[in-house]
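Working notes for the structure below.
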Amino acid sequence: MGGPRFEPVRAVRAYERVVEQIEEAVESGALTPGERLPSERELMVQFSVGRSTVREALRVLQARGLVRSRPGDPNGAEVLPFSPVVLKKSMTTLARVSELSLGELVQFRMVLDATAVLLAARLRTAEHLAEMAAAVEDMKAADTAAFGAADAAFHDAVARAGGNKLIQVCTDVVRAVMAGLVEDRLARAPDREALMRRGVAHHEDVIAALRAGDGPLAARLTRQWTYDSYAGHLPADERAALRALLE
């Protein structure tokens, strides 16, 4: 039989409809940070639902970082400003429940870090460069356990120099998810000191490119370093996808 094919419909609970409407009001700007929702009683009247439905909706909205709610508050829940913490939680969960392959994570990091240094080359200040240099000095002095933290401080400084909060959050999340690989690579290296020295030299090369305002060079260095660091952990087809970013 011809004609369109339809998908099964999903039953929607009442509290989900409440959540959707409040989210839409926040996204459209009808509700702004600092404003308060009506009281629970007023929400019950406006949505024509019971108290338990309103409270469940408020719990969901609070978990998503959209409102701050206390049961029975006569002033109503407060609409919160955007916080990257919620996005970080969502991305971390996505990365750790096998929805993303390691190859996809590495590829995303290559794109992300390269974009961060491109921005940093244009927007960095003397203070940003000083932070990066201090992180590299910490890398030089670090033992194996502290090396990763100093490396993370360097990338944090680069992301801040670029001024894009979303890149900062994504960089933080991807680095945290992949941190185990870095530790494993150091632990298995036959000459850890040599590997750490190469890491320091790479970061010094990136800083030199940023000082010179050469974003494309900094991006090429960053992509190549990420590829060299992680490609050995991936199957051949995923390595090929990464190599496409080196061309």
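Every chain in the structure tokens takes a letter, A first, then B, and so on in the order presented; its residues are numbered from 1, and the ligands are numbered from 1 following the presented order.
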
**Prompt:** Can you tell me, as a list in words, what residues are no more than 12 Å from Ala231 of chain A when counting only C-alpha atoms, ignoring any on the same chain fewer than 6 positions away?
**Reply:** Leu102, Gly103, Glu104, Leu105, Val106, Gln107, Met110, Leu181, Arg185, Arg223, Gln224, Trp225, Asp237, Glu238, Arg239, Ala240, Ala241, Leu242 and Arg243 of chain A

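All residues of segment 6-246 of chain A that DSSP, run on the backbone, classes as strand (DSSP E) are Val67, Arg68, Glu78 and Val79 of chain A.
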